[in-house]
$ cat structure-v9.txt   # compact mmCIF, C-alpha atoms
# COMPACT_ATOMS: atom_id res chain seq x y z
CA MET A 1 4.28 1.64 19.26
CA ASP A 2 0.89 -0.09 19.17
CA HIS A 3 -2.07 1.86 17.83
CA TYR A 4 -4.31 -1.22 17.48
CA PHE A 5 -7.13 -2.51 19.61
CA PRO A 6 -6.18 -5.75 21.42
CA ASP A 7 -8.25 -7.95 19.10
CA GLY A 8 -7.07 -6.23 15.93
CA GLY A 9 -10.52 -4.77 15.24
CA ASP A 10 -9.30 -1.40 14.04
CA ARG A 11 -6.84 -3.08 11.70
CA VAL A 12 -9.84 -3.99 9.51
CA VAL A 13 -11.36 -1.14 7.51
CA VAL A 14 -14.69 -1.63 5.74
CA ALA A 15 -15.00 0.21 2.44
CA LEU A 16 -18.24 2.12 2.00
CA ASP A 17 -18.18 1.78 -1.76
CA PHE A 18 -21.70 2.99 -2.40
CA ALA A 19 -23.28 5.56 -4.67
CA ASP A 20 -25.46 7.10 -1.97
CA ARG A 21 -25.44 7.84 1.73
CA ARG A 22 -28.52 5.75 2.52
CA SER A 23 -26.85 2.53 1.35
CA ALA A 24 -23.67 3.33 3.25
CA GLU A 25 -25.54 4.08 6.46
CA ALA A 26 -27.54 0.86 6.11
CA LEU A 27 -24.30 -1.14 6.19
CA VAL A 28 -22.93 0.90 9.11
CA GLU A 29 -26.15 0.23 11.01
CA ARG A 30 -26.05 -3.47 10.22
CA LEU A 31 -22.43 -3.85 11.32
CA GLY A 32 -22.98 -1.89 14.52
CA ASP A 33 -20.26 -2.32 17.11
CA ALA A 34 -18.52 -5.00 15.01
CA CYS A 35 -16.84 -2.33 12.86
CA ARG A 36 -14.71 0.53 14.12
CA SER A 37 -13.14 1.80 10.89
CA TYR A 38 -14.63 2.82 7.55
CA LYS A 39 -13.20 3.96 4.24
CA ILE A 40 -14.91 6.65 2.21
CA GLY A 41 -13.76 6.98 -1.38
CA LEU A 42 -14.34 9.43 -4.18
CA GLU A 43 -17.72 8.07 -5.31
CA LEU A 44 -19.43 8.31 -1.93
CA LEU A 45 -17.74 11.58 -1.00
CA THR A 46 -18.92 13.14 -4.26
CA ALA A 47 -22.45 11.76 -3.90
CA ALA A 48 -22.99 12.36 -0.20
CA GLY A 49 -20.62 15.20 0.65
CA PRO A 50 -18.42 15.41 3.75
CA GLY A 51 -21.26 15.11 6.25
CA LEU A 52 -21.16 11.33 6.46
CA ALA A 53 -17.46 11.34 7.34
CA ARG A 54 -18.06 13.95 10.03
CA ASP A 55 -21.00 11.99 11.44
CA LEU A 56 -19.07 8.72 11.55
CA VAL A 57 -16.25 10.42 13.44
CA GLY A 58 -18.82 11.87 15.81
CA ARG A 59 -20.08 8.35 16.52
CA GLY A 60 -16.59 7.25 17.50
CA HIS A 61 -15.52 5.60 14.25
CA GLU A 62 -12.18 5.90 12.51
CA VAL A 63 -12.58 7.30 8.98
CA PHE A 64 -10.13 6.64 6.15
CA LEU A 65 -10.63 9.23 3.41
CA ASP A 66 -9.29 7.54 0.30
CA LEU A 67 -8.91 10.69 -1.80
CA LYS A 68 -5.90 9.60 -3.87
CA LEU A 69 -4.77 13.20 -4.08
CA PHE A 70 -2.71 14.04 -7.17
CA GLU A 71 -2.57 17.79 -7.70
CA ILE A 72 -0.25 20.74 -7.24
CA PRO A 73 1.18 20.84 -3.70
CA ASN A 74 -0.95 23.79 -2.53
CA SER A 75 -4.16 22.05 -3.57
CA VAL A 76 -3.09 18.79 -1.95
CA ALA A 77 -2.25 20.61 1.28
CA GLY A 78 -5.66 22.27 1.29
CA ALA A 79 -7.45 18.96 0.81
CA VAL A 80 -5.43 17.34 3.60
CA ARG A 81 -6.32 20.17 5.97
CA ALA A 82 -9.98 19.71 5.07
CA ALA A 83 -9.68 15.97 5.81
CA GLY A 84 -8.10 16.75 9.15
CA ALA A 85 -10.86 19.21 10.02
CA LEU A 86 -13.43 16.47 9.37
CA GLY A 87 -11.64 14.28 11.91
CA ALA A 88 -10.32 11.73 9.44
CA SER A 89 -7.72 9.26 10.69
CA MET A 90 -6.09 8.49 7.33
CA VAL A 91 -5.92 10.18 3.94
CA THR A 92 -4.24 9.08 0.71
CA VAL A 93 -2.00 10.97 -1.68
CA HIS A 94 -0.57 9.58 -4.93
CA ALA A 95 3.11 8.71 -4.57
CA MET A 96 3.40 8.99 -8.37
CA GLY A 97 2.94 12.73 -7.88
CA GLY A 98 6.43 12.85 -6.42
CA THR A 99 8.08 14.12 -3.27
CA GLY A 100 6.65 17.63 -3.55
CA ILE A 101 3.00 16.73 -3.12
CA MET A 102 3.71 14.08 -0.50
CA ALA A 103 5.77 16.50 1.57
CA ALA A 104 3.04 19.13 1.25
CA ALA A 105 0.48 16.62 2.52
CA VAL A 106 2.67 15.68 5.47
CA GLU A 107 3.24 19.32 6.40
CA ALA A 108 -0.49 20.09 6.17
CA ALA A 109 -1.30 17.15 8.44
CA ARG A 110 0.93 18.43 11.27
CA ASP A 111 -1.94 20.46 12.72
CA PHE A 112 -4.02 17.28 13.05
CA PRO A 113 -2.13 14.78 15.25
CA ARG A 114 -4.62 11.95 14.59
CA LEU A 115 -4.38 12.25 10.81
CA ARG A 116 -1.98 9.88 9.06
CA VAL A 117 -0.86 10.50 5.48
CA LEU A 118 -0.63 7.40 3.33
CA ALA A 119 1.10 7.32 -0.04
CA LEU A 120 -0.68 5.26 -2.66
CA THR A 121 2.00 3.36 -4.56
CA VAL A 122 0.52 1.50 -7.55
CA VAL A 123 -3.26 1.25 -7.78
CA THR A 124 -4.26 -2.36 -7.12
CA SER A 125 -6.12 -2.61 -10.43
CA MET A 126 -2.89 -2.02 -12.37
CA THR A 127 -0.62 -4.67 -13.84
CA GLY A 128 2.82 -4.55 -15.41
CA SER A 129 1.27 -3.98 -18.82
CA ASP A 130 -0.68 -1.00 -17.48
CA LEU A 131 2.56 0.51 -16.18
CA ALA A 132 4.20 -0.07 -19.56
CA ASP A 133 1.32 1.79 -21.24
CA ILE A 134 2.25 4.95 -19.31
CA GLY A 135 5.96 4.58 -19.93
CA VAL A 136 7.01 2.84 -16.70
CA GLY A 137 9.37 -0.01 -17.50
CA ALA A 138 9.45 -1.46 -13.99
CA GLY A 139 7.24 -4.31 -12.88
CA THR A 140 4.55 -3.63 -10.29
CA GLU A 141 6.56 -4.74 -7.25
CA GLU A 142 9.64 -2.82 -8.31
CA GLN A 143 7.57 0.32 -8.86
CA VAL A 144 5.72 -0.11 -5.56
CA LEU A 145 9.01 -0.31 -3.67
CA ARG A 146 10.51 2.64 -5.53
CA LEU A 147 7.53 4.82 -4.64
CA ALA A 148 7.51 3.55 -1.06
CA ARG A 149 11.10 4.76 -0.64
CA LEU A 150 10.04 8.20 -1.89
CA ALA A 151 7.10 8.20 0.52
CA LEU A 152 9.31 7.33 3.46
CA GLY A 153 11.71 10.12 2.53
CA ALA A 154 8.84 12.59 2.27
CA GLY A 155 7.72 11.76 5.81
CA CYS A 156 4.52 9.85 5.04
CA ASP A 157 3.10 7.71 7.83
CA GLY A 158 2.73 4.71 5.56
CA VAL A 159 1.79 3.42 2.16
CA VAL A 160 -1.01 1.68 0.32
CA GLY A 161 -0.14 -1.40 -1.72
CA SER A 162 -1.67 -4.70 -2.68
CA PRO A 163 -1.56 -7.78 -0.42
CA ARG A 164 1.07 -9.25 -2.75
CA GLU A 165 3.50 -6.44 -1.91
CA ALA A 166 2.89 -6.37 1.85
CA GLY A 167 5.91 -8.57 2.61
CA PRO A 168 8.43 -6.70 0.45
CA LEU A 169 7.08 -3.40 1.74
CA ARG A 170 7.47 -4.44 5.38
CA ALA A 171 11.01 -5.64 4.70
CA LEU A 172 11.81 -2.28 3.09
CA LEU A 173 10.06 0.07 5.49
CA GLY A 174 10.72 -1.62 8.83
CA PRO A 175 8.26 -2.14 11.68
CA GLU A 176 6.77 1.32 12.21
CA PRO A 177 5.16 2.64 8.98
CA LEU A 178 1.59 1.69 8.19
CA ILE A 179 0.98 -0.68 5.29
CA VAL A 180 -2.65 -0.60 4.18
CA THR A 181 -3.79 -3.25 1.74
CA PRO A 182 -7.04 -3.04 -0.22
CA GLY A 183 -8.18 -5.89 -2.43
CA VAL A 184 -8.45 -8.51 0.31
CA THR A 185 -10.99 -11.26 0.88
CA PRO A 186 -11.87 -13.01 4.15
CA GLY A 187 -10.58 -16.29 2.70
CA PRO A 188 -9.80 -18.03 -0.59
CA VAL A 189 -12.49 -17.77 -3.23
CA GLU A 190 -13.31 -20.15 -6.04
CA GLY A 191 -10.90 -19.66 -8.91
CA GLY A 192 -8.32 -17.88 -6.74
CA THR A 193 -8.17 -14.25 -5.69
CA ALA A 194 -6.97 -12.63 -8.93
CA GLY A 195 -9.23 -9.85 -10.10
CA VAL A 196 -11.51 -9.81 -7.06
CA GLY A 197 -13.64 -6.65 -6.99
CA GLY A 198 -11.61 -5.02 -9.77
CA HIS A 199 -8.30 -5.55 -7.95
CA ALA A 200 -5.75 -7.24 -10.21
CA ARG A 201 -3.33 -7.92 -7.34
CA SER A 202 -5.54 -9.27 -4.58
CA GLY A 203 -5.10 -11.76 -1.73
CA THR A 204 -6.57 -13.00 1.52
CA ALA A 205 -6.68 -10.99 4.71
CA ALA A 206 -4.74 -13.67 6.59
CA ALA A 207 -1.94 -13.66 4.02
CA ALA A 208 -1.76 -9.85 4.02
CA PHE A 209 -1.51 -9.67 7.80
CA ALA A 210 1.03 -12.49 7.94
CA ALA A 211 3.17 -10.67 5.38
CA GLY A 212 3.22 -7.47 7.42
CA ALA A 213 0.15 -5.39 6.58
CA SER A 214 -0.91 -3.11 9.42
CA HIS A 215 -4.44 -2.69 8.02
CA VAL A 216 -6.59 -4.36 5.40
CA VAL A 217 -9.54 -2.88 3.54
CA VAL A 218 -12.50 -5.13 2.79
CA GLY A 219 -15.37 -4.17 0.54
CA ARG A 220 -17.78 -6.39 -1.34
CA SER A 221 -16.87 -9.52 0.58
CA VAL A 222 -18.43 -7.91 3.65
CA ALA A 223 -20.94 -5.46 2.17
CA ARG A 224 -22.55 -8.06 -0.08
CA ALA A 225 -22.26 -11.04 2.23
CA ALA A 226 -25.42 -12.80 3.38
CA ASP A 227 -24.21 -12.08 6.92
CA PRO A 228 -21.90 -9.03 6.84
CA VAL A 229 -21.14 -9.24 10.55
CA ALA A 230 -19.97 -12.86 10.26
CA ALA A 231 -17.85 -11.98 7.22
CA LEU A 232 -16.26 -9.09 9.08
CA TRP A 233 -15.52 -11.19 12.16
CA GLN A 234 -13.72 -13.69 9.92
CA VAL A 235 -11.35 -10.92 8.83
CA ARG A 236 -10.97 -9.63 12.39
CA GLU A 237 -10.03 -13.11 13.52
CA ALA A 238 -7.25 -13.13 10.91
CA ALA A 239 -6.04 -9.82 12.34
CA ARG A 240 -6.10 -11.15 15.88
CA GLU A 241 -4.22 -14.31 14.93
CA ALA A 242 -1.61 -12.35 12.98
CA ARG A 243 -1.08 -10.01 15.92
CA GLY A 244 -0.66 -12.97 18.26
CA ALA A 245 1.86 -14.57 15.93
CA GLY A 246 3.81 -11.32 15.78
CA VAL A 247 3.97 -11.11 19.56
CA ARG A 248 5.18 -14.70 19.78
CA ARG A 249 7.89 -14.07 17.17
CA SER A 250 9.11 -11.01 19.07
CA GLY A 251 9.15 -12.91 22.34
CA GLY A 252 6.47 -10.73 23.94
$ encode --input "structure-v9.txt" --output "structure tokens"
Amino acid sequence: MDHYFPDGGDRVVVALDFADRRSAEALVERLGDACRSYKIGLELLTAAGPGLARDLVGRGHEVFLDLKLFEIPNSVAGAVRAAGALGASMVTVHAMGGTGIMAAAVEAARDFPRLRVLALTVVTSMTGSDLADIGVGAGTEEQVLRLARLALGAGCDGVVGSPREAGPLRALLGPEPLIVTPGVTPGPVEGGTAGVGGHARSGTAAAAFAAGASHVVVGRSVARAADPVAALWQVREAAREARGAGVRRSGG
């Protein structure tokens, strides 16, 4: 199965992490045909409403609604159906909510064949000490893998984890499930990648793809770049190279 464009363009999702629709649309306009996929999170959805997502879909873009749903199963199912009606391609549900809410999300998505349900494992801002604060004794990677197993059992199409867990997740899940990694940069930054953009477990796009990520999400490194298009193409090149390396390894 190959749901990617040949150059890996739709493997790169640009996060519209803005407080208003005008700023988000300005970036969409500036990127033009260079970007096919956008992520809309809670801030922008709350500020701008669902209209932007619907309009982006109408223009031919893929829309990732990063809702991080964590509610009773009926409410989660309703939100997933609403995401599907908007034409979203991906939506997130918290794996920490357990099998019940993940299974409800998967069932609700059945009426929308293009909608993929992703289980958020451990938020990329969290560290082992943060997990300990809420009574989780496992380290971040152990907890990510535990939740990924639950997600797979619940029928989710994939998971969200940090670039640092992409390799272990791919080894656990096999070749088909999606692995979406936020907290990536186009390349190494001064002082390393730790803590970039509020992500405690970050990494480069190239490393994430090489480890097995199906998609990466880029935010400030593109949105705030002097030349956002050039910054985005750098990430797309990493996607293309990773795809080529995968084909060579498989003998294709």
$ closest_residue --input "structure-v9.txt" --among "A:Val216, A:Ala238, A:Val122, A:Val159" --to "A:Ser37" --atoms "only C-alpha atoms"
A:Val216
$ closest_residue --input "structure-v9.txt" --among "A:Ala151, A:Leu69, A:Ile179, A:Ala211" --to "A:Ala242" --atoms "all atoms listed in the file"
A:Ala211
$ atom_distance --input "structure-v9.txt" --atom1 "atom CA of A:Tyr38" --atom2 "atom CA of A:Leu56"
8.4 Å
$ closest_residue --input "structure-v9.txt" --among "A:Asp66, A:Gly155, A:Leu86, A:Ser221" --to "A:Arg110" --atoms "all atoms listed in the file"
A:Gly155
$ axis_aligned_box --input "structure-v9.txt" --around "stretch 65-70 of chain A" --padding-each-side "8 Å" --output "AutoDock Vina command-line options"
--center_x -6.7 --center_y 10.8 --center_z -1.9 --size_x 23.9 --size_y 22.5 --size_z 26.6
$ residues_near_point --input "structure-v9.txt" --point "(-12.8, 0.8, 5.4)" --cutoff "6 Å" --atoms "all atoms listed in the file" --output "PDB file with C-alpha atoms, in the coordinates of the input"
ATOM      1  CA  VAL A  13     -11.360  -1.140   7.510  1.00  0.00           C
ATOM      2  CA  VAL A  14     -14.690  -1.630   5.740  1.00  0.00           C
ATOM      3  CA  ALA A  15     -15.000   0.210   2.440  1.00  0.00           C
ATOM      4  CA  SER A  37     -13.140   1.800  10.890  1.00  0.00           C
ATOM      5  CA  TYR A  38     -14.630   2.820   7.550  1.00  0.00           C
ATOM      6  CA  LYS A  39     -13.200   3.960   4.240  1.00  0.00           C
ATOM      7  CA  VAL A 217      -9.540  -2.880   3.540  1.00  0.00           C
TER       8      VAL A 217
END
$ closest_residue --input "structure-v9.txt" --among "A:Glu237, A:Asp130, A:Asp227, A:Asp17" --to "A:Phe209" --atoms "only C-alpha atoms"
A:Glu237
$ residues_around --input "structure-v9.txt" --residues "A:Ser129" --least-positions-apart "3" --cutoff "12 Å" --atoms "only C-alpha atoms" --output "JSON, numbers by chain"
{"A": [125, 126, 132, 133, 134, 135, 136, 137, 138, 139, 140, 200]}
$ closest_residue --input "structure-v9.txt" --among "A:Thr124, A:Asn74, A:Ser23, A:Thr181" --to "A:Arg224" --atoms "all atoms listed in the file"
A:Ser23
$ atom_distance --input "structure-v9.txt" --atom1 "atom CA of A:Gln234" --atom2 "atom CA of A:Ala148"
29.5 Å
$ closest_residue --input "structure-v9.txt" --among "A:Val222, A:Met96, A:Arg59, A:Asp111" --to "A:Leu131" --atoms "only C-alpha atoms"
A:Met96
$ atom_distance --input "structure-v9.txt" --atom1 "atom CA of A:Arg220" --atom2 "atom CA of A:Arg170"
26.2 Å
$ residues_around --input "structure-v9.txt" --residues "A:Pro50" --least-positions-apart "6" --cutoff "10 Å" --atoms "only C-alpha atoms" --output "number ranges by chain"
A: 40, 44, 65, 82-83, 86
$ write_last_selection --input "structure-v9.txt" --atoms "C-alpha atoms" --output "mmCIF file, in the frame of the given file"
data_model
loop_
_atom_site.group_PDB
_atom_site.id
_atom_site.type_symbol
_atom_site.label_atom_id
_atom_site.label_comp_id
_atom_site.auth_asym_id
_atom_site.auth_seq_id
_atom_site.Cartn_x
_atom_site.Cartn_y
_atom_site.Cartn_z
ATOM 1 C CA ILE A 40 -14.910 6.650 2.210
ATOM 2 C CA LEU A 44 -19.430 8.310 -1.930
ATOM 3 C CA LEU A 65 -10.630 9.230 3.410
ATOM 4 C CA ALA A 82 -9.980 19.710 5.070
ATOM 5 C CA ALA A 83 -9.680 15.970 5.810
ATOM 6 C CA LEU A 86 -13.430 16.470 9.370
#
$ residues_around --input "structure-v9.txt" --residues "A:Ala85" --least-positions-apart "5" --cutoff "9 Å" --atoms "all atoms listed in the file" --output "compact mmCIF listing (two decimals) with C-alpha atoms, in the coordinates of the input"
# COMPACT_ATOMS: atom_id res chain seq x y z
CA ARG A 54 -18.06 13.95 10.03
CA VAL A 80 -5.43 17.34 3.60
CA PHE A 112 -4.02 17.28 13.05
$ residues_around --input "structure-v9.txt" --residues "A:Arg164" --least-positions-apart "6" --cutoff "7 Å" --atoms "all atoms listed in the file" --output "PyMOL selection string"
chain A and resi 201-203
$ residues_around --input "structure-v9.txt" --residues "A:Ala154" --least-positions-apart "3" --cutoff "9 Å" --atoms "all atoms listed in the file" --output "list in words"
Thr99, Gly100, Ile101, Met102, Ala103, Ala104, Val106, Arg149, Leu150 and Ala151 of chain A
$ build_atoms --input "structure-v9.txt" --residues "stretch 157-182 of chain A" --atoms "N, CA and C atoms" --output "mmCIF file, keeping the file's coordinate frame"
data_model
loop_
_atom_site.group_PDB
_atom_site.id
_atom_site.type_symbol
_atom_site.label_atom_id
_atom_site.label_comp_id
_atom_site.auth_asym_id
_atom_site.auth_seq_id
_atom_site.Cartn_x
_atom_site.Cartn_y
_atom_site.Cartn_z
ATOM 1 N N ASP A 157 3.288 8.655 6.729
ATOM 2 C CA ASP A 157 3.100 7.710 7.830
ATOM 3 C C ASP A 157 3.029 6.268 7.361
ATOM 4 N N GLY A 158 2.822 6.067 6.083
ATOM 5 C CA GLY A 158 2.730 4.710 5.560
ATOM 6 C C GLY A 158 2.374 4.730 4.096
ATOM 7 N N VAL A 159 2.073 3.565 3.580
ATOM 8 C CA VAL A 159 1.790 3.420 2.160
ATOM 9 C C VAL A 159 0.581 2.518 1.960
ATOM 10 N N VAL A 160 0.047 2.591 0.750
ATOM 11 C CA VAL A 160 -1.010 1.680 0.320
ATOM 12 C C VAL A 160 -0.452 0.833 -0.814
ATOM 13 N N GLY A 161 -0.581 -0.467 -0.675
ATOM 14 C CA GLY A 161 -0.140 -1.400 -1.720
ATOM 15 C C GLY A 161 -1.012 -2.632 -1.675
ATOM 16 N N SER A 162 -0.842 -3.496 -2.638
ATOM 17 C CA SER A 162 -1.670 -4.700 -2.680
ATOM 18 C C SER A 162 -1.176 -5.722 -1.662
ATOM 19 N N PRO A 163 -2.009 -6.723 -1.340
ATOM 20 C CA PRO A 163 -1.560 -7.780 -0.420
ATOM 21 C C PRO A 163 -0.292 -8.481 -0.902
ATOM 22 N N ARG A 164 -0.099 -8.545 -2.204
ATOM 23 C CA ARG A 164 1.070 -9.250 -2.750
ATOM 24 C C ARG A 164 2.374 -8.512 -2.456
ATOM 25 N N GLU A 165 2.290 -7.206 -2.191
ATOM 26 C CA GLU A 165 3.500 -6.440 -1.910
ATOM 27 C C GLU A 165 3.703 -6.173 -0.414
ATOM 28 N N ALA A 166 2.795 -6.665 0.422
ATOM 29 C CA ALA A 166 2.890 -6.370 1.850
ATOM 30 C C ALA A 166 4.218 -6.839 2.438
ATOM 31 N N GLY A 167 4.653 -8.039 2.076
ATOM 32 C CA GLY A 167 5.910 -8.570 2.610
ATOM 33 C C GLY A 167 7.114 -7.764 2.191
ATOM 34 N N PRO A 168 7.300 -7.536 0.877
ATOM 35 C CA PRO A 168 8.430 -6.700 0.450
ATOM 36 C C PRO A 168 8.387 -5.291 1.034
ATOM 37 N N LEU A 169 7.188 -4.738 1.160
ATOM 38 C CA LEU A 169 7.080 -3.400 1.740
ATOM 39 C C LEU A 169 7.507 -3.391 3.205
ATOM 40 N N ARG A 170 7.082 -4.394 3.962
ATOM 41 C CA ARG A 170 7.470 -4.440 5.380
ATOM 42 C C ARG A 170 8.973 -4.615 5.518
ATOM 43 N N ALA A 171 9.560 -5.442 4.659
ATOM 44 C CA ALA A 171 11.010 -5.640 4.700
ATOM 45 C C ALA A 171 11.741 -4.333 4.389
ATOM 46 N N LEU A 172 11.188 -3.542 3.483
ATOM 47 C CA LEU A 172 11.810 -2.280 3.090
ATOM 48 C C LEU A 172 11.623 -1.202 4.149
ATOM 49 N N LEU A 173 10.410 -1.070 4.653
ATOM 50 C CA LEU A 173 10.060 0.070 5.490
ATOM 51 C C LEU A 173 10.368 -0.125 6.973
ATOM 52 N N GLY A 174 10.504 -1.366 7.415
ATOM 53 C CA GLY A 174 10.720 -1.620 8.830
ATOM 54 C C GLY A 174 9.402 -1.727 9.575
ATOM 55 N N PRO A 175 9.449 -1.792 10.905
ATOM 56 C CA PRO A 175 8.260 -2.140 11.680
ATOM 57 C C PRO A 175 7.252 -1.026 11.903
ATOM 58 N N GLU A 176 7.644 0.238 11.781
ATOM 59 C CA GLU A 176 6.770 1.320 12.210
ATOM 60 C C GLU A 176 5.744 1.804 11.169
ATOM 61 N N PRO A 177 6.126 2.060 9.912
ATOM 62 C CA PRO A 177 5.160 2.640 8.980
ATOM 63 C C PRO A 177 3.931 1.758 8.758
ATOM 64 N N LEU A 178 2.812 2.406 8.505
ATOM 65 C CA LEU A 178 1.590 1.690 8.190
ATOM 66 C C LEU A 178 1.673 1.116 6.778
ATOM 67 N N ILE A 179 1.134 -0.069 6.610
ATOM 68 C CA ILE A 179 0.980 -0.680 5.290
ATOM 69 C C ILE A 179 -0.471 -1.093 5.177
ATOM 70 N N VAL A 180 -1.208 -0.384 4.330
ATOM 71 C CA VAL A 180 -2.650 -0.600 4.180
ATOM 72 C C VAL A 180 -2.898 -1.308 2.857
ATOM 73 N N THR A 181 -3.609 -2.427 2.934
ATOM 74 C CA THR A 181 -3.790 -3.250 1.740
ATOM 75 C C THR A 181 -5.263 -3.407 1.393
ATOM 76 N N PRO A 182 -5.704 -2.763 0.313
ATOM 77 C CA PRO A 182 -7.040 -3.040 -0.220
ATOM 78 C C PRO A 182 -6.990 -4.314 -1.064
#
